[in-house]
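Below: start01.csv (CSV, C-alpha atoms)
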```csv
chain,number,residue,atom,x,y,z
A,171,MET,CA,-95.0,-45.5,23.0
A,172,VAL,CA,-95.5,-45.2,26.7
A,173,ARG,CA,-97.3,-42.1,27.8
A,174,LEU,CA,-95.5,-40.6,30.7
A,175,PRO,CA,-96.9,-38.1,33.3
A,176,GLY,CA,-96.1,-34.5,32.3
A,177,SER,CA,-93.5,-34.0,35.0
A,178,GLU,CA,-91.6,-37.1,34.0
A,179,ARG,CA,-91.7,-36.3,30.4
A,180,GLN,CA,-90.4,-32.8,31.1
A,181,LEU,CA,-87.5,-34.2,33.1
A,182,GLN,CA,-86.8,-36.6,30.2
A,183,VAL,CA,-86.7,-33.7,27.8
A,184,VAL,CA,-84.3,-31.7,30.1
A,185,GLU,CA,-82.0,-34.7,30.5
A,186,ALA,CA,-82.0,-35.3,26.8
A,187,THR,CA,-81.1,-31.7,26.2
A,188,LEU,CA,-78.1,-32.0,28.6
A,189,THR,CA,-77.0,-35.1,26.8
A,190,LEU,CA,-77.1,-33.4,23.4
A,191,LEU,CA,-75.2,-30.3,24.7
A,192,ALA,CA,-72.2,-32.5,25.5
A,193,ASP,CA,-71.5,-32.5,21.7
A,194,THR,CA,-73.7,-29.8,20.3
A,195,PRO,CA,-73.2,-26.0,20.6
A,196,LEU,CA,-76.1,-24.3,22.4
A,197,ALA,CA,-76.7,-22.0,19.5
A,198,THR,CA,-77.3,-24.8,17.0
A,199,LEU,CA,-79.3,-27.2,19.3
A,200,SER,CA,-82.8,-27.6,17.8
A,201,THR,CA,-86.1,-28.9,19.1
A,202,ARG,CA,-86.0,-31.5,16.3
A,203,GLN,CA,-82.8,-32.9,17.8
A,204,ILE,CA,-84.3,-32.9,21.3
A,205,ALA,CA,-87.5,-34.6,20.2
A,206,ALA,CA,-85.6,-37.3,18.4
A,207,GLU,CA,-83.4,-37.9,21.4
A,208,VAL,CA,-86.5,-38.3,23.6
A,209,GLY,CA,-88.2,-40.4,21.0
A,210,ILE,CA,-91.3,-38.2,20.5
A,211,SER,CA,-92.5,-35.9,17.8
A,212,GLN,CA,-92.0,-32.1,17.8
A,213,PRO,CA,-95.7,-31.4,18.4
A,214,ALA,CA,-95.6,-33.7,21.4
A,215,LEU,CA,-92.5,-31.9,22.7
A,216,PHE,CA,-94.4,-28.6,22.5
A,217,ARG,CA,-97.2,-30.0,24.6
A,218,HIS,CA,-94.7,-29.9,27.5
A,219,PHE,CA,-92.8,-26.7,26.7
A,220,ASP,CA,-93.9,-23.6,24.9
A,221,SER,CA,-90.7,-23.0,23.1
A,222,ARG,CA,-87.0,-23.9,22.6
A,223,GLU,CA,-86.1,-21.2,25.1
A,224,ALA,CA,-88.4,-22.6,27.7
A,225,ILE,CA,-86.7,-26.0,27.3
A,226,LEU,CA,-83.3,-24.4,27.8
A,227,VAL,CA,-84.4,-22.4,30.8
A,228,ALA,CA,-85.7,-25.5,32.4
A,229,THR,CA,-82.4,-27.3,31.7
A,230,VAL,CA,-80.5,-24.5,33.4
A,231,GLN,CA,-82.8,-24.6,36.4
A,232,HIS,CA,-82.4,-28.4,36.6
A,233,THR,CA,-78.6,-28.0,36.5
A,234,ARG,CA,-78.7,-25.5,39.4
A,235,ARG,CA,-80.9,-27.8,41.4
A,236,GLN,CA,-78.4,-30.6,40.8
A,237,LEU,CA,-75.7,-28.5,42.3
A,238,GLN,CA,-77.7,-27.6,45.5
A,239,GLN,CA,-76.8,-30.7,47.5
A,240,PRO,CA,-73.0,-31.0,46.7
A,241,ILE,CA,-72.4,-27.3,47.2
A,242,GLY,CA,-74.4,-27.3,50.4
A,243,ALA,CA,-72.3,-30.2,51.7
A,244,VAL,CA,-69.1,-28.2,50.9
A,245,LEU,CA,-70.3,-25.1,52.7
A,246,ALA,CA,-71.4,-27.2,55.7
A,247,THR,CA,-67.9,-28.6,56.2
A,248,ALA,CA,-65.7,-26.6,58.5
A,249,GLY,CA,-62.6,-25.2,56.9
A,250,THR,CA,-60.7,-22.0,56.0
A,251,ALA,CA,-62.0,-19.8,53.2
A,252,GLU,CA,-59.3,-21.1,50.9
A,253,GLN,CA,-60.1,-24.8,51.7
A,254,THR,CA,-63.8,-24.2,51.1
A,255,ILE,CA,-63.3,-22.3,47.8
A,256,VAL,CA,-60.9,-25.0,46.5
A,257,ALA,CA,-63.6,-27.6,47.5
A,258,LEU,CA,-66.2,-25.6,45.7
A,259,ALA,CA,-64.1,-25.5,42.5
A,260,GLU,CA,-63.5,-29.3,42.7
A,261,THR,CA,-67.3,-29.8,43.2
A,262,LEU,CA,-68.1,-27.7,40.1
A,263,LEU,CA,-65.5,-29.6,38.0
A,264,GLY,CA,-66.8,-32.9,39.3
A,265,GLN,CA,-70.3,-32.0,38.2
A,266,LEU,CA,-68.9,-30.9,34.8
A,267,GLN,CA,-67.3,-34.4,34.4
A,268,ARG,CA,-70.5,-36.1,35.3
A,269,THR,CA,-72.7,-33.9,33.1
A,270,PRO,CA,-70.6,-32.7,30.1
A,271,GLY,CA,-73.5,-30.7,28.8
A,272,PHE,CA,-73.1,-28.4,31.8
A,273,CYS,CA,-69.9,-27.1,30.3
A,274,ARG,CA,-71.7,-25.3,27.5
A,275,LEU,CA,-74.3,-23.9,29.8
A,276,LEU,CA,-71.6,-22.5,32.2
A,277,PHE,CA,-69.7,-20.8,29.4
A,278,ALA,CA,-72.7,-19.6,27.5
A,279,GLY,CA,-73.5,-17.3,30.3
A,280,THR,CA,-70.6,-15.1,29.3
A,281,GLN,CA,-72.1,-14.3,25.9
A,282,PRO,CA,-74.0,-11.0,25.4
A,283,GLY,CA,-77.7,-11.1,25.2
A,284,CYS,CA,-81.0,-10.6,27.1
A,285,GLY,CA,-84.2,-12.5,27.9
A,286,ALA,CA,-85.1,-15.4,30.1
A,287,LEU,CA,-82.5,-17.8,28.8
A,288,GLN,CA,-79.6,-15.3,29.1
A,289,ALA,CA,-80.7,-14.4,32.7
A,290,ALA,CA,-80.8,-18.1,33.6
A,291,LEU,CA,-77.4,-18.8,32.1
A,292,ALA,CA,-75.9,-15.8,33.9
A,293,GLY,CA,-77.5,-17.0,37.1
A,294,LEU,CA,-75.3,-20.2,37.0
A,295,ALA,CA,-72.2,-18.1,37.3
A,296,ASP,CA,-73.8,-15.5,39.6
A,297,GLN,CA,-74.6,-18.1,42.2
A,298,GLN,CA,-71.0,-19.2,42.4
A,299,ARG,CA,-69.8,-15.6,42.4
A,300,GLY,CA,-72.0,-14.7,45.3
A,301,LEU,CA,-70.9,-17.7,47.4
A,302,VAL,CA,-67.2,-17.0,46.8
A,303,ALA,CA,-67.6,-13.3,47.6
A,304,GLU,CA,-69.2,-14.2,51.0
A,305,LEU,CA,-66.4,-16.7,51.7
A,306,VAL,CA,-63.8,-14.1,51.0
A,307,ARG,CA,-65.5,-11.7,53.4
A,308,ALA,CA,-65.4,-14.4,56.0
A,309,GLY,CA,-61.7,-14.9,55.4
A,310,GLN,CA,-61.1,-11.2,55.7
A,311,THR,CA,-63.0,-11.1,59.0
A,312,SER,CA,-60.9,-14.0,60.4
A,313,GLY,CA,-57.6,-12.4,59.3
A,314,GLU,CA,-56.9,-15.2,56.8
A,315,LEU,CA,-57.2,-12.9,53.7
A,316,ARG,CA,-56.0,-9.4,53.1
A,317,SER,CA,-58.6,-6.8,54.1
A,318,THR,CA,-57.8,-4.7,51.1
A,319,LEU,CA,-59.2,-7.3,48.7
A,320,ASP,CA,-62.5,-6.6,46.9
A,321,PRO,CA,-64.5,-9.8,47.4
A,322,GLN,CA,-66.4,-9.3,44.2
A,323,ASP,CA,-63.1,-9.1,42.2
A,324,VAL,CA,-61.9,-12.3,43.8
A,325,ALA,CA,-65.2,-14.0,43.0
A,326,THR,CA,-65.0,-12.9,39.4
A,327,ALA,CA,-61.5,-14.3,39.2
A,328,PHE,CA,-62.7,-17.6,40.6
A,329,VAL,CA,-65.5,-17.9,38.0
A,330,GLY,CA,-63.0,-16.9,35.3
A,331,ILE,CA,-60.7,-19.7,36.3
A,332,ILE,CA,-63.6,-22.3,36.0
A,333,GLN,CA,-64.9,-20.8,32.7
A,334,GLY,CA,-61.3,-20.7,31.3
A,335,LEU,CA,-60.8,-24.4,32.0
A,336,VAL,CA,-64.2,-25.1,30.4
A,337,LEU,CA,-63.4,-23.0,27.3
A,338,ARG,CA,-60.1,-24.7,26.8
A,339,ALA,CA,-61.7,-28.1,26.9
A,340,LEU,CA,-64.4,-27.1,24.5
A,341,VAL,CA,-62.0,-25.5,22.0
A,342,ALA,CA,-59.7,-28.5,22.1
A,343,GLY,CA,-62.5,-31.0,22.0
A,344,GLU,CA,-61.2,-32.6,25.2
A,345,PRO,CA,-63.2,-34.0,28.1
A,346,PRO,CA,-64.2,-31.6,30.9
A,347,PRO,CA,-61.2,-30.7,33.2
A,348,ALA,CA,-60.5,-33.0,36.2
A,349,PRO,CA,-61.3,-31.7,39.7
A,350,LEU,CA,-57.6,-31.8,40.7
A,351,ARG,CA,-57.0,-29.0,38.2
A,352,ALA,CA,-59.0,-26.7,40.4
A,353,ARG,CA,-56.8,-27.3,43.5
A,354,ALA,CA,-53.7,-26.1,41.6
A,355,LEU,CA,-55.2,-23.1,39.9
A,356,VAL,CA,-57.2,-21.8,42.9
A,357,GLY,CA,-54.2,-22.4,45.0
A,358,LEU,CA,-52.2,-20.2,42.7
A,359,LEU,CA,-54.9,-17.5,43.0
A,360,PHE,CA,-54.7,-17.6,46.8
A,361,GLU,CA,-50.9,-17.0,46.7
A,362,GLY,CA,-51.8,-13.4,46.2
A,363,LEU,CA,-54.7,-13.2,48.5
A,364,ARG,CA,-53.3,-14.4,51.8
A,365,ASP,CA,-52.6,-11.8,54.6
A,366,THR,CA,-48.9,-11.6,54.9
A,367,LEU,CA,-49.0,-9.4,58.0
A,368,PRO,CA,-48.3,-10.9,61.4
A,369,SER,CA,-51.2,-12.9,62.8
A,370,ARG,CA,-53.8,-10.8,64.4
A,371,GLN,CA,-57.0,-11.4,66.3
A,372,PRO,CA,-60.2,-11.0,64.4
A,373,GLU,CA,-61.9,-7.7,65.0
A,374,SER,CA,-64.8,-7.9,67.5
A,375,PRO,CA,-68.1,-6.6,66.0
A,376,PRO,CA,-69.2,-3.3,67.5
A,377,VAL,CA,-71.7,-3.6,70.4
A,378,ARG,CA,-75.1,-2.4,69.3
A,379,PRO,CA,-77.8,-1.1,71.7
A,380,TRP,CA,-80.7,-3.5,72.1
A,381,SER,CA,-83.7,-2.9,69.8
A,382,ALA,CA,-86.9,-4.9,69.3
A,383,PRO,CA,-86.4,-7.6,66.7
A,384,ARG,CA,-88.1,-7.3,63.4
A,385,LEU,CA,-89.9,-9.9,61.3
A,386,SER,CA,-89.1,-9.3,57.6
A,387,ALA,CA,-90.2,-11.2,54.5
A,388,LEU,CA,-88.6,-11.6,51.0
A,389,ASP,CA,-90.2,-13.7,48.2
A,390,VAL,CA,-87.6,-14.7,45.6
A,391,ARG,CA,-89.9,-17.1,43.7
A,392,PRO,CA,-90.6,-14.7,40.8
A,393,GLN,CA,-86.8,-14.3,40.3
A,394,LEU,CA,-86.2,-18.0,40.4
A,395,ALA,CA,-89.1,-18.6,37.9
A,396,ARG,CA,-87.3,-16.2,35.5
A,397,GLY,CA,-84.1,-18.2,36.0
A,398,GLU,CA,-82.4,-15.3,37.8
A,399,GLU,CA,-80.0,-15.7,40.7
A,400,PRO,CA,-81.5,-13.9,43.8
A,401,PHE,CA,-78.3,-14.3,46.0
A,402,ALA,CA,-77.3,-10.7,45.8
A,403,ASP,CA,-80.8,-9.5,46.8
A,404,ILE,CA,-80.9,-11.9,49.7
A,405,GLN,CA,-77.5,-10.7,51.0
A,406,ALA,CA,-78.6,-7.1,50.6
A,407,ARG,CA,-81.7,-7.7,52.7
A,408,LEU,CA,-79.7,-9.6,55.4
A,409,ALA,CA,-77.2,-6.7,55.5
A,410,ALA,CA,-80.1,-4.3,56.3
A,411,LEU,CA,-81.2,-6.3,59.3
A,412,SER,CA,-79.8,-6.4,62.9
A,413,PRO,CA,-78.9,-9.2,65.2
A,414,GLY,CA,-82.0,-10.9,66.5
A,415,ASP,CA,-84.1,-10.0,63.4
A,416,VAL,CA,-85.8,-12.8,61.5
A,417,LEU,CA,-86.1,-13.0,57.8
A,418,LEU,CA,-88.8,-15.1,56.2
A,419,LEU,CA,-87.4,-16.1,52.8
A,420,GLU,CA,-89.8,-17.8,50.2
A,421,ALA,CA,-88.3,-19.9,47.4
A,422,THR,CA,-89.4,-22.6,44.9
A,423,PHE,CA,-86.9,-25.1,46.4
A,424,ARG,CA,-84.9,-25.7,49.5
A,425,PRO,CA,-81.7,-23.6,48.9
A,426,ARG,CA,-79.1,-25.9,50.5
A,427,PRO,CA,-76.0,-23.8,49.7
A,428,LEU,CA,-77.6,-20.7,51.1
A,429,LEU,CA,-78.7,-22.5,54.3
A,430,ALA,CA,-75.1,-23.9,54.8
A,431,LEU,CA,-73.5,-20.5,54.1
A,432,LEU,CA,-75.8,-18.7,56.6
A,433,ALA,CA,-75.2,-21.3,59.2
A,434,ARG,CA,-71.4,-20.9,58.6
A,435,GLN,CA,-71.8,-17.1,59.1
A,436,GLY,CA,-73.4,-17.7,62.5
A,437,HIS,CA,-77.0,-17.2,61.7
A,438,GLY,CA,-79.8,-19.5,62.8
A,439,VAL,CA,-81.7,-21.2,59.9
A,440,HIS,CA,-84.8,-23.4,59.7
A,441,GLY,CA,-86.5,-24.7,56.6
A,442,LEU,CA,-90.2,-25.3,56.0
A,443,GLN,CA,-91.9,-26.9,53.0
A,444,LEU,CA,-95.4,-25.6,52.4
A,445,ASP,CA,-95.9,-27.5,49.2
A,446,LYS,CA,-93.8,-29.1,46.4
A,447,ALA,CA,-92.7,-25.8,44.9
A,448,HIS,CA,-93.0,-23.5,47.9
A,449,HIS,CA,-90.3,-23.5,50.5
A,450,VAL,CA,-89.8,-21.1,53.4
A,451,VAL,CA,-86.5,-20.5,55.0
A,452,LEU,CA,-86.4,-18.7,58.4
A,453,VAL,CA,-83.2,-16.9,59.2
A,454,ARG,CA,-82.4,-15.4,62.6
A,455,LEU,CA,-79.6,-12.9,62.4
A,456,GLY,CA,-76.6,-13.6,64.6
A,457,GLY,CA,-77.8,-16.4,66.7
A,458,PRO,CA,-79.6,-19.8,66.9
A,459,LEU,CA,-83.2,-20.3,65.7
A,460,ASP,CA,-85.1,-23.0,67.6
A,461,LEU,CA,-88.6,-23.0,66.0
A,462,LEU,CA,-91.5,-23.9,68.3
A,463,ASP,CA,-93.8,-25.6,65.9
A,464,VAL,CA,-97.2,-26.2,67.4
A,465,SER,CA,-99.1,-26.0,64.1
A,466,ASP,CA,-100.2,-29.7,64.2
A,467,LEU,CA,-101.5,-29.6,67.8
A,468,PRO,CA,-105.3,-29.5,68.5
A,469,ALA,CA,-106.8,-26.4,70.1
A,470,PRO,CA,-106.2,-25.0,72.7
A,471,GLU,CA,-102.7,-26.6,72.9
A,472,PRO,CA,-100.9,-24.3,70.4
A,473,LEU,CA,-102.0,-21.2,72.4
A,474,GLU,CA,-101.1,-22.8,75.8
A,475,ALA,CA,-97.7,-24.1,74.6
A,476,THR,CA,-96.7,-20.8,73.0
A,477,LEU,CA,-97.8,-18.8,76.1
A,478,ARG,CA,-95.7,-21.1,78.3
A,479,ALA,CA,-92.6,-20.6,76.1
A,480,ALA,CA,-93.2,-16.8,76.0
A,481,ALA,CA,-93.6,-16.6,79.8
A,482,ALA,CA,-90.2,-18.3,80.2
A,483,LEU,CA,-88.3,-15.9,78.0
A,484,GLU,CA,-85.3,-14.2,79.7
A,485,PRO,CA,-84.9,-10.4,79.3
A,486,GLY,CA,-83.5,-9.6,75.8
A,487,ALA,CA,-84.5,-13.1,74.5
A,488,SER,CA,-86.9,-14.0,71.7
A,489,LEU,CA,-88.5,-17.1,70.2
A,490,VAL,CA,-90.1,-18.0,66.9
A,491,ALA,CA,-93.3,-20.1,66.9
A,492,ARG,CA,-95.4,-21.6,64.1
A,493,THR,CA,-99.1,-21.8,64.9
A,494,PRO,CA,-102.1,-23.4,63.1
A,495,ARG,CA,-103.2,-19.9,62.0
A,496,VAL,CA,-102.3,-16.3,62.8
A,497,ALA,CA,-102.4,-16.2,66.6
A,498,ARG,CA,-104.7,-13.3,67.3
A,499,PHE,CA,-105.7,-14.5,70.7
A,500,LEU,CA,-102.0,-15.0,71.5
A,501,ALA,CA,-101.3,-11.4,70.5
A,502,GLU,CA,-103.9,-10.2,73.0
A,503,ARG,CA,-102.4,-12.3,75.8
A,504,LEU,CA,-98.7,-11.3,75.3
A,505,PRO,CA,-98.9,-7.9,77.1
A,506,ASP,CA,-100.0,-9.7,80.3
A,507,LEU,CA,-96.7,-11.6,80.2
A,508,GLY,CA,-94.6,-8.5,79.7
A,509,VAL,CA,-93.6,-9.6,76.2
A,510,ASP,CA,-94.4,-8.3,72.7
A,511,GLY,CA,-94.6,-9.9,69.2
A,512,ALA,CA,-94.9,-9.7,65.5
A,513,PHE,CA,-97.1,-12.0,63.4
A,514,VAL,CA,-97.4,-13.0,59.8
A,515,GLU,CA,-99.6,-15.5,57.9
A,516,LEU,CA,-97.9,-18.2,55.7
A,517,ALA,CA,-99.2,-19.3,52.4
A,518,ASP,CA,-100.7,-22.6,53.8
A,519,GLY,CA,-102.8,-20.6,56.4
A,520,SER,CA,-100.5,-21.3,59.3
A,521,GLY,CA,-99.1,-18.4,61.3
A,522,LEU,CA,-95.6,-17.3,62.3
A,523,ALA,CA,-94.9,-15.4,65.5
A,524,LEU,CA,-91.7,-13.6,66.6
A,525,ILE,CA,-92.0,-13.0,70.4
A,526,TRP,CA,-89.5,-11.1,72.5
A,527,ARG,CA,-89.0,-9.7,76.0
A,528,ALA,CA,-87.2,-6.4,76.3
A,529,PRO,CA,-84.1,-6.3,78.6
```
Written as structure tokens, how would this file's structure read?
Amino acid sequence: MVRLPGSERQLQVVEATLTLLADTPLATLSTRQIAAEVGISQPALFRHFDSREAILVATVQHTRRQLQQPIGAVLATAGTAEQTIVALAETLLGQLQRTPGFCRLLFAGTQPGCGALQAALAGLADQQRGLVAELVRAGQTSGELRSTLDPQDVATAFVGIIQGLVLRALVAGEPPPAPLRARALVGLLFEGLRDTLPSRQPESPPVRPWSAPRLSALDVRPQLARGEEPFADIQARLAALSPGDVLLLEATFRPRPLLALLARQGHGVHGLQLDKAHHVVLVRLGGPLDLLDVSDLPAPEPLEATLRAAAALEPGASLVARTPRVARFLAERLPDLGVDGAFVELADGSGLALIWRAP
């Protein structure tokens, strides 16, 4: 038997689990079956995973990562809220057809229970629910959808449609539903959501007095490690910030759907990868984010380049710079230029600076 590196064997175990779930209920799937599908012994299986639950949690996390790119592509495509939500449903059903084992994972999240596995299963639906709720809010802001709707209720109805299609197929022993089914059923849902009042201009956001931008951090890696969906916490943190503020979001992978959704909402986003399992997403509320990355330049070029950019700031403008380390000398020089800043150290030792000039 060929001895594979640990990461490759773990992926093989996860893919074997998904294959088995196409025909085996989650509750009855055993580690003996998984080991046989991979072609290894049970003791060898447990050298890579501590328990059956750990295998299933890893399988759920793998499925969520598989959805990142196609969902991100949907959100990055311009369209109305209805068009985007229909495309999201088609993407989910397309993934179900390609990976039938995903069906049991998606429906299993509706079952009562607790623990790491149940949290991971619930996270599969929570991710879609959070995305749809934000798209509904965008549709309300544009005047496409009725303002009286509760976005969370609409999102729950959306997830219910997908799970209902999955359950019907599982009970009937049929293949996963075709993506075209989503267009008809989601379209039926939207018949009751559209704003039937005369067309109106979107409401302009209230003008807020200027305030110094803030640099905030949120680490969702512990939640992701537990298989939980951090979307609601991210949205809550963003809601507490003001235009011009910058959020430093730490995750275990590049969250493509979130990046696409934030860009769609008019926020500036920039992703950094510090190592294989440590990604940082910078989000500037309400405007573009052009990162000045001088972290690879030899001294004293990072300091000089950042000072030049800071000196060129217009009143009320700001910039974000990544430096080789926390820029203490830069902080000392900023008052001479009539600007101010906030600084934070990243996990790789580099620094992040938010610099602004008051109006």
message: When you count only C-alpha atoms, which of these residues is closest to A:Ile241: A:Arg503, A:Arg307, A:Arg202, A:Arg426?
response: A:Arg426
Just need the box for stretch 262-269 of chain A, edges along x, y and z, holding every atom the file lists for it with 4 Å tacked onto each side, so centre and edge lengths in Å to one decimal, as lines of an AutoDock Vina configuration file.
```
center_x = -69.1
center_y = -31.9
center_z = 36.6
size_x = 15.2
size_y = 16.4
size_z = 15.0
```
How close does each residue of stretch 237-271 of chain A get to stretch 318-333 of chain A, giving the shortest atom pair and distance in Å to one decimal for every residue with an atom at most 10 Å away, counting only C-alpha atoms, sorted by chain and residue number, as a Markdown table?
```
| residue | atom | partner | partner_atom | distance |
| --- | --- | --- | --- | --- |
| A:Ile255 | CA | A:Phe328 | CA | 8.6 |
| A:Val256 | CA | A:Phe328 | CA | 9.6 |
| A:Ala259 | CA | A:Ile332 | CA | 7.3 |
| A:Glu260 | CA | A:Ile332 | CA | 9.7 |
| A:Leu262 | CA | A:Ile332 | CA | 8.1 |
| A:Leu263 | CA | A:Ile332 | CA | 7.8 |
```
Please build the interface table for stretch 449-523 of chain A against stretch 416-419 of chain A with a cut-off of 10 Å, listing for each qualifying residue the nearest atom pair and the distance in Å to one decimal; count all atoms listed in the file, order rows by chain and increasing number, and write it as a Markdown table.
```
| residue | atom | partner | partner_atom | distance |
| --- | --- | --- | --- | --- |
| A:His449 | CA | A:Leu419 | CA | 8.3 |
| A:Val450 | CA | A:Leu419 | CA | 5.6 |
| A:Val451 | CA | A:Leu419 | CA | 5.0 |
| A:Leu452 | CA | A:Leu418 | CA | 4.9 |
| A:Val453 | CA | A:Leu417 | CA | 5.1 |
| A:Arg454 | CA | A:Val416 | CA | 4.4 |
| A:Leu455 | CA | A:Val416 | CA | 6.3 |
| A:Gly456 | CA | A:Val416 | CA | 9.7 |
| A:Leu459 | CA | A:Val416 | CA | 9.0 |
| A:Val490 | CA | A:Val416 | CA | 8.6 |
| A:Val514 | CA | A:Leu418 | CA | 9.6 |
| A:Leu516 | CA | A:Leu418 | CA | 9.6 |
| A:Leu522 | CA | A:Leu418 | CA | 9.4 |
```
query: Can you tell me, as a VMD selection string, what residues are no more than 10 Å from A:Ser317 when counting only C-alpha atoms, ignoring any on the same chain fewer than 2 positions away?
result: chain A and resid 306 to 307 309 to 315 319 to 321 363 to 365
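When only C-alpha atoms are used to measure the gap to A:Leu226, the shortest distance among A:Gln239, A:Gln288, A:Gln203, A:Gln265 belongs to A:Gln288.
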- prompt: In Å to one decimal, how far is atom CA of A:Pro494 from atom CA of A:Pro427?
  reply: 29.3 Å
task: Find the residue from A:Leu335, A:Ala192, A:Leu287, A:Leu181 that sits nearest to A:Leu215; use all atoms listed in the file when measuring.
output: A:Leu181
